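I have placed the structure first, in the form of structure tokens, so that the comments after it can refer back to it.
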There are 2 protein chains.
Amino acid sequence: MVNTKSQPNQFTRTEENSQKITTVLGAGAWGSTLADVAERSDHHVRLWSRRSEESLESVIQDAEIILSAISMKGVTSIIDRVKTIGIPEHAIIVTATKGLDPETTHTPSQLWKEAFPDHPVVVLSGPNLAKEIQQSLPAATVMASEDEAAAEAAQEMFACETFRVYINTDPIGTELGGTLKNVIAIAAGVCDGLNLGTNAKAALLTRALPEMIRIGTSLGASTETFFGLSGLGDLLATCDSPLSRNYQVGYGLAQGKSLDEIIDHLEGTAEGVNTTKVLVRLARQEGIPVPISAQVYRLLKGKSTAQQAVKALMARELKAEFDDDLFDD
Amino acid sequence: MVNTKSQPNQFTRTEENSQKITTVLGAGAWGSTLADVAERSDHHVRLWSRRSEESLESVIQDAEIILSAISMKGVTSIIDRVKTIGIPEHAIIVTATKGLDPETTHTPSQLWKEAFPDHPVVVLSGPNLAKEIQQSLPAATVMASEDEAAAEAAQEMFACETFRVYINTDPIGTELGGTLKNVIAIAAGVCDGLNLGTNAKAALLTRALPEMIRIGTSLGASTETFFGLSGLGDLLATCDSPLSRNYQVGYGLAQGKSLDEIIDHLEGTAEGVNTTKVLVRLARQEGIPVPISAQVYRLLKGKSTAQQAVKALMARELKAEFDDDLFDD
């Protein structure tokens, strides 16, 4: 059912482990929070952003773990820069970015793996609202890699009493849970912004999970990963929280605000806006039905109002569980 | 993935249909709401409770659909009374009760089927907070029966524009989704009552679904039913809403109130309190791990405080996905 390969952290930390050096690239909310978490565990952590005084070269030259929490739009350029500099022979790359590359439709972990085929790449994703983790409220996350030893090393670097880290071997599924749910979070914000109630939102999220699975499995993910913390878990956390920027986008649109106006007032990036465009293009290419994402797309493009999008979704989505005629925009 | 057998209502209603007589037994919040819904569709509806002036005999003697929305503790006695009176030859029984019989651990639909083996029994369950449906907010539900024609007849009786009815052929799975989620709703109330945050609650619900599935499939339900509206959907609606009485029980316990005090102030029955006891007994008999329900049980019995229950759950539940040693109470 759920990820049976998951194993939790055991909190055994040796002298050797505690001397590992982690470099976090990207000092937004999530990068800063992850750097804090690793520091709580007495690891040596460097937090770097484009605005840092230190050079990128100086922070990665002896890093054992390089964690990228760069927003999607900056991922390819940071990869180019890191590739030019080069990274230590045994360095592990961890990616915590949620999004899809507009050009290739690849995930961040795929982009890193393409650039560094000889290095293990680990995905970090889960139901992790940064503000709650900053307050040391309890949370669990997933580290996923085809290289289990690398996932375990990354697990050891970030796990602590209030931040439990499970590992699995489905990086694409783990990453796509966190990525695709951002689109659904926009829909959830619309639902709440229109005061449609808890029954309607529960129905929306229930319908959304199979939509995420259809896209995810077509990209090589395992179905079961979507029923775990990085899929359903992250979907619930994001769609239940006014803290989510993607949710705020949907909520604002439901109140009749323009997308530009909403984005101007957000603290940070709402990755779901870009993800929706890439996802809908991908779904169209592959012929995968994505009724909820398609309506979010129309709304973001200004082709529907929030009310029209919901009405179309209710009429269509409740007419049949699977409906292929989704792209009449 | 989800219930591919589900078919929505088509809103075709003939003269003949509109003359069908439905009797709703139980005039609590849910029974009254369902009677309203059927009336909105211009059906002839009788709402009966023990306090009604009309006799039980008079309301069932020509009913085509008998819908029971009696709370669990009254189900066996109403079945006995209805059995003594007898029901019309082609009458369809619909049960909307969520609970387990303490004596036999059977579900309401099983009890009705045992009493009326020659009549079709349909289960009605879904993400349906009664107060929202009373306000005509949009909602979807499930009618499930081994007899598809009966489910379709019941669907036609209750479906309307704002209350969409899907049918499937897994009555036990549909019923157990609505029943078992009441136990998890108590846990969700505890989580919110202790202000553990959205990340923790998302992790809790993600872990709860496989627990519901383990119990459900051992009782003959299909796994896929739990991923649909009557499983995951109902879990989300209940755990997300302060309107849920079961959630209120958990919330109150987290604030240090006694169970008796909380129950005294509830409007209606919190079925989850009784369901927890029956469920834990059943799980113990069958050797099924139910870590969350087991902690809810300890809390309800006064053997743990809310804090202790959460701590035990965090330590245990996050130690391994599947843990057999759950009943050390």
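Residue numbering restarts at 1 for every chain of the structure tokens, chains are lettered A, B, ... in their displayed order, and ligands are numbered from 1 as they appear.
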Using only C-alpha atoms, which protein or nucleic acid residues come within 8 Å of range 198-201 of chain B? Drop anything in the same chain fewer than 2 positions from it, and give the result as a PyMOL selection string. (chain A and resi 127-129+132+137-140+237+240-241) or (chain B and resi 188+191-192+196+203-205)
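Excluding Thr223 in chain B itself and any same-chain residue fewer than 5 positions from it, the protein and nucleic acid residues within 8 Å of it, counting only C-alpha atoms, are Gly173, Ile213, Gly216 and Thr217 of chain B.
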Those selected residues, please, written with N, CA and C atoms and delivered as a PDB file, in the first residue's frame.
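What landed in selection16.pdb:
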ATOM      1  N   GLY B 173     -17.094  -1.969   1.949  1.00  0.00           N
ATOM      2  CA  GLY B 173     -16.000  -0.999   1.861  1.00  0.00           C
ATOM      3  C   GLY B 173     -16.508   0.429   2.007  1.00  0.00           C
ATOM      4  N   ILE B 213      -7.534   0.670   5.726  1.00  0.00           N
ATOM      5  CA  ILE B 213      -7.561  -0.354   4.674  1.00  0.00           C
ATOM      6  C   ILE B 213      -7.245  -1.739   5.250  1.00  0.00           C
ATOM      7  N   GLY B 216     -10.376  -2.787   6.942  1.00  0.00           N
ATOM      8  CA  GLY B 216     -11.458  -2.924   5.967  1.00  0.00           C
ATOM      9  C   GLY B 216     -11.318  -4.165   5.107  1.00  0.00           C
ATOM     10  N   THR B 217     -10.126  -4.396   4.585  1.00  0.00           N
ATOM     11  CA  THR B 217      -9.950  -5.553   3.702  1.00  0.00           C
ATOM     12  C   THR B 217     -10.078  -6.864   4.490  1.00  0.00           C
TER      13      THR B 217
END
Near Ala208 in chain A, within 12 Å and counting only C-alpha atoms, which residues show up once chain neighbours fewer than 6 positions away are dropped, as a ChimeraX atom specification? /A:177,180-188,201-202,214-215,226,231-232,235-236,239,289-294,296,313,317,321-322 /B:1-2,227-229,232-233
Export of the given selection (N, CA and C atoms) as a CSV table (one decimal), in the first residue's frame:
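Result file follows (result_34.csv):
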chain,number,residue,atom,x,y,z
A,177,GLY,N,5.1,14.0,-6.4
A,177,GLY,CA,4.0,14.3,-5.4
A,177,GLY,C,4.1,15.7,-5.0
A,180,LEU,N,3.3,18.1,-8.3
A,180,LEU,CA,1.9,18.2,-8.8
A,180,LEU,C,0.9,18.7,-7.8
A,181,LYS,N,1.1,18.4,-6.6
A,181,LYS,CA,0.1,18.9,-5.6
A,181,LYS,C,0.0,20.4,-5.5
A,182,ASN,N,1.1,21.1,-6.0
A,182,ASN,CA,1.0,22.6,-6.1
A,182,ASN,C,-0.1,23.1,-7.0
A,183,VAL,N,-0.4,22.3,-8.0
A,183,VAL,CA,-1.5,22.7,-9.0
A,183,VAL,C,-2.8,22.5,-8.2
A,184,ILE,N,-2.9,21.4,-7.5
A,184,ILE,CA,-4.2,21.1,-6.8
A,184,ILE,C,-4.4,22.1,-5.7
A,185,ALA,N,-3.3,22.6,-5.1
A,185,ALA,CA,-3.4,23.6,-4.0
A,185,ALA,C,-4.0,24.8,-4.5
A,186,ILE,N,-3.8,25.2,-5.8
A,186,ILE,CA,-4.4,26.4,-6.4
A,186,ILE,C,-5.9,26.1,-6.4
A,187,ALA,N,-6.3,24.9,-6.9
A,187,ALA,CA,-7.7,24.5,-6.9
A,187,ALA,C,-8.4,24.5,-5.5
A,188,ALA,N,-7.6,24.1,-4.6
A,188,ALA,CA,-8.2,24.0,-3.2
A,188,ALA,C,-8.4,25.5,-2.7
A,201,LYS,N,-14.5,20.4,-0.9
A,201,LYS,CA,-13.0,20.3,-0.9
A,201,LYS,C,-12.5,18.9,-0.7
A,202,ALA,N,-13.2,18.2,0.1
A,202,ALA,CA,-12.8,16.8,0.3
A,202,ALA,C,-13.0,16.0,-1.0
A,214,ARG,N,-2.1,9.5,-12.4
A,214,ARG,CA,-2.1,9.3,-13.8
A,214,ARG,C,-0.9,10.0,-14.5
A,215,ILE,N,-0.6,11.2,-14.1
A,215,ILE,CA,0.5,11.9,-14.6
A,215,ILE,C,1.8,11.3,-14.1
A,226,PHE,N,2.5,7.8,-4.2
A,226,PHE,CA,1.5,8.8,-4.1
A,226,PHE,C,0.6,8.7,-2.9
A,231,GLY,N,3.2,12.1,-1.2
A,231,GLY,CA,2.1,12.3,-2.2
A,231,GLY,C,0.9,12.8,-1.4
A,232,LEU,N,0.0,11.9,-0.9
A,232,LEU,CA,-1.2,12.3,-0.2
A,232,LEU,C,-0.8,13.2,1.0
A,235,LEU,N,-0.1,16.7,-0.3
A,235,LEU,CA,-1.3,17.2,-0.8
A,235,LEU,C,-2.2,17.8,0.3
A,236,LEU,N,-2.3,17.0,1.4
A,236,LEU,CA,-3.2,17.4,2.5
A,236,LEU,C,-2.6,18.7,3.2
A,239,CYS,N,-3.0,21.8,0.9
A,239,CYS,CA,-4.3,22.2,0.6
A,239,CYS,C,-5.1,22.6,1.8
A,289,PRO,N,-5.9,12.3,-19.1
A,289,PRO,CA,-6.9,13.2,-18.6
A,289,PRO,C,-6.5,13.9,-17.3
A,290,VAL,N,-6.6,15.2,-17.2
A,290,VAL,CA,-6.3,16.0,-16.0
A,290,VAL,C,-7.3,17.1,-15.8
A,291,PRO,N,-8.6,16.7,-15.5
A,291,PRO,CA,-9.7,17.7,-15.5
A,291,PRO,C,-9.4,18.8,-14.5
A,292,ILE,N,-8.9,18.5,-13.4
A,292,ILE,CA,-8.7,19.6,-12.4
A,292,ILE,C,-7.6,20.5,-12.8
A,293,SER,N,-6.5,20.0,-13.2
A,293,SER,CA,-5.4,20.8,-13.7
A,293,SER,C,-5.8,21.6,-14.9
A,294,ALA,N,-6.6,21.1,-15.8
A,294,ALA,CA,-7.0,21.8,-17.0
A,294,ALA,C,-7.9,23.0,-16.6
A,296,VAL,N,-7.6,24.6,-13.7
A,296,VAL,CA,-6.7,25.6,-13.1
A,296,VAL,C,-6.0,26.3,-14.1
A,313,LEU,N,-16.0,22.0,-13.7
A,313,LEU,CA,-15.4,20.9,-13.0
A,313,LEU,C,-16.5,20.0,-12.4
A,317,GLU,N,-16.4,16.7,-14.0
A,317,GLU,CA,-15.7,15.8,-13.2
A,317,GLU,C,-16.7,14.8,-12.5
A,321,GLU,N,-15.8,9.4,-14.0
A,321,GLU,CA,-14.5,9.3,-13.3
A,321,GLU,C,-13.3,9.7,-14.2
A,322,PHE,N,-13.4,9.2,-15.5
A,322,PHE,CA,-12.4,9.4,-16.4
A,322,PHE,C,-12.9,10.0,-17.7
B,1,MET,N,-7.7,2.4,-9.9
B,1,MET,CA,-7.3,3.2,-8.8
B,1,MET,C,-8.5,3.5,-7.9
B,2,VAL,N,-9.3,4.4,-8.3
B,2,VAL,CA,-10.6,4.7,-7.6
B,2,VAL,C,-11.7,3.8,-8.2
B,227,PHE,N,-9.9,4.6,-1.4
B,227,PHE,CA,-9.3,5.7,-2.1
B,227,PHE,C,-10.3,6.6,-2.7
B,228,GLY,N,-11.6,6.3,-2.6
B,228,GLY,CA,-12.6,7.1,-3.2
B,228,GLY,C,-13.3,8.0,-2.3
B,229,LEU,N,-14.5,8.5,-2.7
B,229,LEU,CA,-15.2,9.5,-1.9
B,229,LEU,C,-15.6,9.0,-0.5
B,232,LEU,N,-11.2,8.0,1.5
B,232,LEU,CA,-10.4,9.2,1.7
B,232,LEU,C,-11.2,10.4,1.7
B,233,GLY,N,-12.2,10.5,0.9
B,233,GLY,CA,-13.1,11.7,0.9
B,233,GLY,C,-13.7,12.0,2.2
Just list as JSON, numbers by chain whatever in range 113-290 of chain B DSSP marks as helix (DSSP H, G or I). {"B": [113, 114, 115, 130, 131, 132, 133, 134, 148, 149, 150, 151, 152, 153, 154, 155, 156, 157, 158, 171, 172, 173, 174, 175, 176, 177, 178, 179, 180, 181, 182, 183, 184, 185, 186, 187, 188, 189, 190, 191, 192, 193, 198, 199, 200, 201, 202, 203, 204, 205, 206, 207, 208, 209, 210, 211, 212, 213, 214, 215, 216, 217, 218, 223, 224, 225, 226, 227, 229, 230, 231, 232, 233, 234, 235, 236, 237, 238, 239, 245, 246, 247, 248, 249, 250, 251, 252, 253, 254, 259, 260, 261, 262, 263, 264, 265, 271, 272, 273, 274, 275, 276, 277, 278, 279, 280, 281, 282, 283, 284, 285, 286]}
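For the atom pair formed by CA of Gly189 in chain B and CA of Ala306 in chain B, the distance is 10.2 Å, given to one decimal.
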Which of range 123-249 of chain A DSSP labels strand (DSSP E or B), written as a list in words: Val123, Leu124, Ser125, Ala139, Ala140, Thr141, Val142, Met143, Ala144, Cys160, Phe163, Arg164, Val165, Tyr166, Ile167 and Asn168 of chain A
Between A:Ala312, A:Val123, A:Val190, A:Ala35, which is the closest to Tyr166 in chain A once you count only C-alpha atoms? A:Val123
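Among the candidates A:Thr33, A:Thr169, A:Thr84, A:Ser230, the residue lying nearest to Lys98 in chain A is A:Ser230 (atoms considered: only C-alpha atoms).
When CA of Ala149 in chain A is paired with CA of Gly74 in chain A, their separation reads 28.0 Å.
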Give me the residues within 12 Å of range 143-145 of chain A as JSON, numbers by chain, counting only C-alpha atoms and dropping any in the same chain fewer than 5 places off. {"A": [3, 5, 6, 7, 8, 9, 67, 92, 93, 94, 95, 96, 109, 110, 113, 119, 120, 121, 122, 123, 124, 125, 126, 150, 151, 152, 153, 154, 155, 156, 157, 158, 159, 164, 165, 166, 167, 168, 169, 170, 171, 172, 173, 174, 175, 176, 177, 221, 225, 229, 230]}
Write out, as a short mmCIF file (atom, residue, chain, number, x, y, z; two decimals), in the first residue's frame, the residues just selected, with C-alpha atoms.
data_model
loop_
_atom_site.label_atom_id
_atom_site.label_comp_id
_atom_site.auth_asym_id
_atom_site.auth_seq_id
_atom_site.Cartn_x
_atom_site.Cartn_y
_atom_site.Cartn_z
CA ASN A 3 6.00 2.80 0.70
CA LYS A 5 10.71 0.45 1.63
CA SER A 6 10.61 3.50 3.86
CA GLN A 7 12.87 3.34 6.84
CA PRO A 8 12.99 6.00 9.48
CA ASN A 9 16.02 7.65 10.91
CA LEU A 67 21.31 20.57 -1.19
CA ILE A 92 25.81 13.77 -2.87
CA ILE A 93 23.29 16.10 -4.51
CA VAL A 94 19.99 16.61 -2.71
CA THR A 95 17.20 18.50 -4.46
CA ALA A 96 14.29 20.07 -2.60
CA SER A 109 16.29 15.61 -9.93
CA GLN A 110 16.38 14.61 -13.59
CA LYS A 113 21.25 13.72 -12.76
CA HIS A 119 26.88 11.52 -8.52
CA PRO A 120 23.99 10.20 -6.48
CA VAL A 121 20.94 12.47 -6.53
CA VAL A 122 18.48 12.43 -3.63
CA VAL A 123 15.02 14.01 -3.63
CA LEU A 124 13.71 15.64 -0.43
CA SER A 125 9.93 16.10 -0.33
CA GLY A 126 7.06 15.74 2.10
CA ALA A 150 23.15 8.27 -0.52
CA ALA A 151 19.59 8.67 0.76
CA GLU A 152 20.72 7.30 4.13
CA ALA A 153 23.64 9.72 4.29
CA ALA A 154 21.30 12.63 3.54
CA GLN A 155 18.79 11.28 6.05
CA GLU A 156 21.45 11.30 8.74
CA MET A 157 22.33 14.89 7.96
CA PHE A 158 18.82 16.27 8.39
CA ALA A 159 16.96 13.96 10.76
CA ARG A 164 11.61 12.56 10.97
CA VAL A 165 13.11 11.45 7.69
CA TYR A 166 11.99 8.32 5.81
CA ILE A 167 13.80 7.01 2.77
CA ASN A 168 12.57 5.27 -0.35
CA THR A 169 13.85 4.36 -3.80
CA ASP A 170 11.36 6.24 -5.99
CA PRO A 171 12.86 9.71 -6.45
CA ILE A 172 10.63 10.65 -9.39
CA GLY A 173 7.43 9.65 -7.56
CA THR A 174 8.55 11.44 -4.41
CA GLU A 175 9.42 14.58 -6.35
CA LEU A 176 6.25 14.57 -8.46
CA GLY A 177 4.02 14.29 -5.38
CA ALA A 221 6.74 7.04 -10.77
CA THR A 225 4.52 6.53 -3.58
CA LEU A 229 3.87 11.17 2.93
CA SER A 230 5.33 12.77 -0.20
#
Distance in Å - CA of Glu261 in chain A versus CA of Gln248 in chain A: 11.7 Å
